[in-house]
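Student: Dropping a structure here in structure tokens format, bear with me for questions.
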Protein chains: 2
Amino acid sequence: MTDTKPRHAAQSQFPVVGDVLQIGGIALPMLAERVGHTPFFAYDRALLGARVAALRAQLPAGVALHYSVKANPMPALVQHMAGLVDGLDVASGGELKTALDAGMAAARISFAGPGKGDGELAQGVAAGVCINLESERELAAVARISERLGVAARVALRVNPDFELKSSGMKMGGGAKPFGIDAEEVPRLLREVAAMSLDFQGFHIFSGSQSLRGDAIIEAQTRSVELGIRLAGEAPLTVRQLNIGGGFGIPYFPGEQRLDIAPIGAALEGLLARLAAALPQARLALELGRYLVGEAGIYVARVLDRKVSRGEVFLVVDGGMHHHLAASGNLGQIIRKNYPVAVGNRMTAVEPGTASVTGPLCTPLDVLAERMPLAHAQIGDLIVVFQSGAYGPSASPSGFLGHPAALEVLI
Amino acid sequence: MTDTKPRHAAQSQFPVVGDVLQIGGIALPMLAERVGHTPFFAYDRALLGARVAALRAQLPAGVALHYSVKANPMPALVQHMAGLVDGLDVASGGELKTALDAGMAAARISFAGPGKGDGELAQGVAAGVCINLESERELAAVARISERLGVAARVALRVNPDFELKSSGMKMGGGAKPFGIDAEEVPRLLREVAAMSLDFQGFHIFSGSQSLRGDAIIEAQTRSVELGIRLAGEAPLTVRQLNIGGGFGIPYFPGEQRLDIAPIGAALEGLLARLAAALPQARLALELGRYLVGEAGIYVARVLDRKVSRGEVFLVVDGGMHHHLAASGNLGQIIRKNYPVAVGNRMTAVEPGTASVTGPLCTPLDVLAERMPLAHAQIGDLIVVFQSGAYGPSASPSGFLGHPAALEVLI
């Protein structure tokens with residue numbers, strides 16, 4: 001009898017020695033001692049570097065890689081990423097500070113977000129970063145700020161395309177959207193920009209995120225480049241940058257497979273050639289967050305209690321939805337599915353039957369794994385949630401029910 | 001032609017003067033000036049008092065009312081509630097500190113939670129609060145701590161009943177659960193408790209929350225009291241307290257109606273009589289969180305931008321899911337529905353058509369209202385999300401995307 005249930009993608013980026021998961025060459029129980037308390041998130045800097053290197057090896061050299069800070073804004077991690085990528089994308093005044101603190105040159109930072117306040121826009125203009133304008137109001141505000149500060153703000157137009165990234169986890173373009181300027185309105189705004197003392201950079205076109213279908217990504221990238229070239233034809237200005245967003249997903253749930261980058265790289269070769277012919281001064285940039293950091297991180301919580309209730313096993317741990325909302329199934333998911341989860345100090349022996357991993361919060365939402373095959377865990381064991389390098393603590397309600405916050409370490 | 005679409009329950013707890021919503025007698029724009037920045041949560045202390053008074057008027061005098069701090073742990077609010085209710089229920093060491101800081105007597109505080117750490121249990125024993133034991137491990141730990149500290153810890157057993165609160169938003173009892181001790185295991189644990197130097201208080205039976213069906217609540221309360229009486233028959237100990245949980249819901253979504261308390265109060269009269277006959281020393285307690293505070297609070301965000309994208313209106317505001325995850329539809333909801341939302345400085349004129357209210361975060365999840373009938377809002381107007389007194393900022397990912405936290409004020 002073969003088990004035909006869908007499985008999680010293998011988490012072989014983290015080696016196992018004996019029975020124990022290793023993070024950055026450190027055995028997990030030793031790492032927990034070094035951190036000093038559970039729960040914690042650990043991010044592996046060697047894996048971050050390896051992911052960027054593998055991506056560069058499969059993408060044409062002419063493609064610029066940006067890191068989207070919102071995926072993981074831990075300062076040490078952003079500083080590490082700043083040394084690996086060609087630019088940082090930020091989504092708030094707070095993230096802007098993190099990016100500047102990390103030492104990234106302002107000219108290689110861009111600032112997007114559908115509701116940028118006047119204060120945040122002024123921060124961006126004063127810092128000299130590229131502001132992705134998302135509305136006429138923002139254009140007018142940046143023009144006023146530029147005049148007041150006596151500088152020509154670097155600006156790009158964020159475009160709401162007339163298409164979407166198919167089969168993506170989050171659609172951020174196509175149809176009516178609060179993000180960016182509808183493509184059909186862009187020519188009119190370009191004429192306004194041209195009449196102002198602004199330093200025009202180009203376009204930002206972001207159609208969606210968390211897609212595991214290479215063909216859908218290639219189609220969205222192709223349409224984004226075509227839209228950029230078409231809009232540039234309407235611009236009485238030189239286009240220096242075309243940011244076509246990200247959309248590269250990672251496998252979270254059973255049955256999902258890792259994205260094959262090779263065909264995307266091959267298609268980008270063709271797109272780069274078309275862009276070079278049409279807009280020789282335009283640099284093509286990809287903006288990736290989750291894809292760069294998500295697989296390099298784990299969340300670790302300790303088993304506080306092992307309970308059997310009416311025949312079902314519950315491993316009650318000291319961490320949960322307040323640290324890792326996405327793994328609990330409460331960040332955009334319609335149906336709760338399990339992230340890959342294991343007992344980090346018992347990696348080889350899965351017991352028959354299933355167990356659920358639940359957190360310390362007094363709510364049935366606080367679930368990290370529901371009826372999964374797991375090793376026979378004891379009190380004190382370390383539960384690991386993989387694929388936790390992106391949208392972890394910063395995307396979680398850390399104050400919920402008054403428990404301590406999770407620590408984050410970069411190993 | 002009549003509009004037969006389901007509507008939100010009227011939010012008449014907050015008066016409107018002219019066109020403007022009033023909070024604690026203060027016009028909303030003036031309140032926003034007083035707070036000093038948007039977004040913010042405002043809780044109305046008069047409404048909190050009125051809700052407790054109305055409830056007491058409809059419930060038998062013998063029923064003790066507890067406030068469940070997890071619903072809203074703002075210290076000023078907890079302090080206010082401490083003066084209104086008969087007890088506080090906490091769910092972590094952090095909430096325990098808040099309850100003690102509020103001046104509530106330790107004897108009137110109880111501490112529940114499925115994953116209490118040894119440190120938290122010691123905090124509870126040292127403070128002298130009643131610890132609702134949720135497992136054999138907790139019983140053993142509390143016995144050890146009691147011996148070490150030389151005190152007889154106050155304990156109750158939290159029971160996982162063999163039934164659930166029907167049609168509740170969150171089921172917390174019935175079937176296999178991480179919460180409490182399965183009812184069928186309780187007699188055995190009672191014998192263990194009796195053999196220890198512990199100060200036994202009674203039982204905590206919590207079957208579910210956020211129910212708007214009085215008949216379901218009455219049924220769950222009846223079964224809880226019956227279960228408590230039955231378990232007490234197995235206890236070689238005096239039962240002094242029977243906490244039968246809460247479960248009283250408030251109307252969030254279109255078509256939902258406020259709960260009628262009168263029949264619940266009438267049924268409780270009968271249950272009190274049965275309890276007095278069977279367990280004359282047992283006090284009956286209800287543990288309510290959301291029902292006491294939810295309707296007394298609003299969330300206020302300011303319109304940063306008014307955009308029309310492909311025919312749809314978007315009001316982009318300076319607040320969103322990072323402050324109010326539940327209103328964005330990402331806290332346990334399967335299908336996103338709108339909370340009651342209005343333009344707080346234009347309460348009387350709803351324009352034809354609909355508008356969506358979206359936040360500043362670069363994610364399509366950041367939605368406070370989707371295609372709702374609203375007044376014609378302008379930049380600078382104040383958007384109000386009603387029913388926001390419970391599970392607001394403490395249940396939200398305040399660090400998400402690096403925006404400032406919301407303020408909270410008690411008016």
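In the structure tokens, chains take the letters A, B, ... in the order shown, each chain's residues start at 1, and ligands count up from 1 in the order shown.
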Determine which residues of region 50-214 of chain B receive a DSSP assignment of helix (DSSP H, G or I), computed from the backbone, and state them as a PyMOL selection string.

Tutor: chain B and resi 50-58+69-71+75-82+93-101+106-108+118-127+136-149+183-194+214

Student: Leaving out region 331-334 of chain A and any residue of its chain fewer than 4 positions from it, which residues lie within 8 Å of it when counting only C-alpha atoms, given as a VMD selection string?

Tutor: (chain A and resid 325 to 326) or (chain B and resid 330 to 331 334 to 335 365)

Student: Between B:Ser168, B:Asn160, B:Ser356, B:Thr222, single out the one closest to Glu185 (chain B), counting only C-alpha atoms.

Tutor: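 The answer is B:Asn160, which sits nearest to Glu185 (chain B).
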
Student: Pull out every residue of chain A sitting within 7 Å of chain B, counting only C-alpha atoms, and send them as a VMD selection string.

Tutor: chain A and resid 70 91 to 92 94 to 95 113 to 117 137 170 to 172 175 to 178 182 304 to 305 309 to 310 312 314 316 to 318 330 to 332 334 359 to 362 364 to 365 394 to 403

Student: Those same residues, written as a CSV table (one decimal), in the first residue's frame with C-alpha atoms?

Tutor:
chain,number,residue,atom,x,y,z
A,70,LYS,CA,8.5,44.0,4.0
A,91,ALA,CA,6.8,50.2,2.0
A,92,SER,CA,6.7,52.7,4.9
A,94,GLY,CA,9.7,52.8,9.2
A,95,GLU,CA,11.1,50.4,6.5
A,113,GLY,CA,2.7,51.9,-0.7
A,114,PRO,CA,-0.8,53.0,-1.5
A,115,GLY,CA,-1.3,55.3,1.4
A,116,LYS,CA,1.9,57.2,1.9
A,117,GLY,CA,1.4,60.2,4.3
A,137,ARG,CA,-2.5,63.2,-4.8
A,170,MET,CA,-2.1,37.8,-3.7
A,171,LYS,CA,-3.3,39.7,-6.7
A,172,MET,CA,-2.0,43.3,-6.7
A,175,GLY,CA,-9.2,45.4,-12.4
A,176,ALA,CA,-10.1,48.1,-9.8
A,177,LYS,CA,-7.3,48.4,-7.2
A,178,PRO,CA,-6.1,50.8,-4.6
A,182,ASP,CA,-4.6,52.7,-13.7
A,304,LEU,CA,5.1,22.6,27.2
A,305,ASP,CA,2.6,19.8,27.5
A,309,SER,CA,-7.9,14.4,24.5
A,310,ARG,CA,-10.4,11.9,23.4
A,312,GLU,CA,-6.1,12.9,19.7
A,314,PHE,CA,-2.0,17.7,21.3
A,316,VAL,CA,1.0,22.4,23.5
A,317,VAL,CA,3.9,24.7,22.8
A,318,ASP,CA,5.1,28.0,24.1
A,330,ASN,CA,-4.9,33.5,9.6
A,331,LEU,CA,-3.0,35.6,7.1
A,332,GLY,CA,-5.0,35.6,3.9
A,334,ILE,CA,-9.2,30.8,3.0
A,359,GLY,CA,-0.1,27.3,21.2
A,360,PRO,CA,-0.6,28.8,24.6
A,361,LEU,CA,-3.3,31.2,23.6
A,362,CYS,CA,-6.9,30.7,24.9
A,364,PRO,CA,-9.0,27.7,19.0
A,365,LEU,CA,-7.2,29.8,16.3
A,394,SER,CA,6.4,41.4,11.8
A,395,ALA,CA,3.2,40.1,10.4
A,396,SER,CA,1.9,38.7,13.7
A,397,PRO,CA,-0.1,40.0,16.6
A,398,SER,CA,2.7,39.9,19.1
A,399,GLY,CA,0.7,41.4,21.9
A,400,PHE,CA,-2.2,39.0,21.7
A,401,LEU,CA,-3.0,37.7,25.2
A,402,GLY,CA,0.0,39.2,26.8
A,403,HIS,CA,2.7,36.6,26.1

Student: Would you kindly return, as a ChimeraX atom specification, each protein, DNA or RNA residue with an atom no farther than 12 Å from any atom of Gly36 (chain B), considering only C-alpha atoms and excluding same-chain residues fewer than 6 positions away?

Tutor: /B:29-30,406-409

Student: Go ahead and write the residues just picked, N, CA, C and O atoms, as a short mmCIF file (atom, residue, chain, number, x, y, z; two decimals), in the first residue's frame.

Tutor:
data_model
loop_
_atom_site.label_atom_id
_atom_site.label_comp_id
_atom_site.auth_asym_id
_atom_site.auth_seq_id
_atom_site.Cartn_x
_atom_site.Cartn_y
_atom_site.Cartn_z
N PRO B 29 -14.19 64.92 15.34
CA PRO B 29 -13.00 65.66 14.89
C PRO B 29 -12.25 66.30 16.07
O PRO B 29 -11.02 66.37 16.07
N MET B 30 -13.01 66.75 17.07
CA MET B 30 -12.37 67.32 18.27
C MET B 30 -11.60 66.23 19.02
O MET B 30 -10.49 66.46 19.50
N ALA B 406 -1.26 52.13 16.61
CA ALA B 406 -2.44 52.94 16.92
C ALA B 406 -2.39 53.35 18.39
O ALA B 406 -1.90 52.61 19.23
N LEU B 407 -2.92 54.51 18.70
CA LEU B 407 -3.12 54.88 20.10
C LEU B 407 -4.45 54.32 20.57
O LEU B 407 -5.34 54.04 19.78
N GLU B 408 -4.59 54.21 21.89
CA GLU B 408 -5.87 53.83 22.49
C GLU B 408 -6.22 54.87 23.54
O GLU B 408 -5.36 55.23 24.36
N VAL B 409 -7.48 55.31 23.53
CA VAL B 409 -7.91 56.24 24.58
C VAL B 409 -9.22 55.75 25.18
O VAL B 409 -10.06 55.16 24.51
#

Student: Against region 240-264 of chain B, which residues of region 58-136 of chain B fall within 10 Å? For each one I want the closest pair of atoms and the distance in Å (one decimal), counting only C-alpha atoms, rows by chain and increasing residue number, as CSV.

Tutor:
residue,atom,partner,partner_atom,distance
B:Gln58,CA,B:Ala262,CA,5.7
B:Leu59,CA,B:Ala262,CA,7.5
B:Pro60,CA,B:Ile264,CA,9.9
B:Val63,CA,B:Asn243,CA,10.0
B:Ala64,CA,B:Asn243,CA,8.9
B:Leu65,CA,B:Asn243,CA,9.7
B:His66,CA,B:Asn243,CA,9.1
B:Tyr67,CA,B:Gly246,CA,9.6
B:Ser68,CA,B:Gly246,CA,9.0
B:Ser110,CA,B:Asn243,CA,9.9

Student: For the residues in the current selection, export C-alpha atoms as a PDB file, in the first residue's frame.

Tutor:
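The file below, out_0.pdb, is the result:
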ATOM      1  CA  GLN B  58     -31.457  41.240  33.318  1.00  0.00           C
ATOM      2  CA  LEU B  59     -29.478  38.548  35.138  1.00  0.00           C
ATOM      3  CA  PRO B  60     -30.258  37.128  38.585  1.00  0.00           C
ATOM      4  CA  VAL B  63     -24.705  35.445  39.116  1.00  0.00           C
ATOM      5  CA  ALA B  64     -21.151  36.797  39.359  1.00  0.00           C
ATOM      6  CA  LEU B  65     -19.873  38.724  36.334  1.00  0.00           C
ATOM      7  CA  HIS B  66     -16.233  38.337  35.342  1.00  0.00           C
ATOM      8  CA  TYR B  67     -14.377  40.328  32.700  1.00  0.00           C
ATOM      9  CA  SER B  68     -12.062  38.363  30.444  1.00  0.00           C
ATOM     10  CA  SER B 110      -8.592  33.461  37.773  1.00  0.00           C
TER      11      SER B 110
END

Student: Which of these residues is nearest to Leu268 (chain B), using only C-alpha atoms: B:Gly62, B:Arg51, B:Gly294, B:Glu120?

Tutor: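 For Leu268 (chain B), the nearest of the candidates is B:Gly62.
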
Student: Could you give me, as number ranges by chain, each residue of region 265-402 of chain B that DSSP assigns to strand (DSSP E or B) when run on this structure's backbone?

Tutor: B: 283-288, 297-309, 312-317, 341-343, 355-358, 367-372, 382-385

Student: For CA of Val155 (chain B) and CA of Pro280 (chain B), quote the distance in Å rounded to one decimal.

Tutor: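 Separating CA of Val155 (chain B) from CA of Pro280 (chain B) is a distance of 19.2 Å.
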
Student: From the options B:Ala54, B:Val85, B:Leu231, B:Val350, which residue's atoms come nearest to Ala285 (chain B), counting only C-alpha atoms?

Tutor: B:Val85

Student: Find the residues near Ala143 (chain B): any atom within 12 Å, counting only C-alpha atoms, skip ones fewer than 5 places away on the same chain, and give them as a ChimeraX atom specification.

Tutor: /B:118,121-122,125,131,133,136-138,148-155,192-200

Student: With only C-alpha atoms as the counted atoms, please give the residues lying no more than 12 Å from Val239 (chain B), apart from itself and same-chain residues fewer than 4 positions off, as an MDAnalysis selection string.

Tutor: chainID B and resid 155:157 190 194 199:204 228:235 243 275:276 278:284
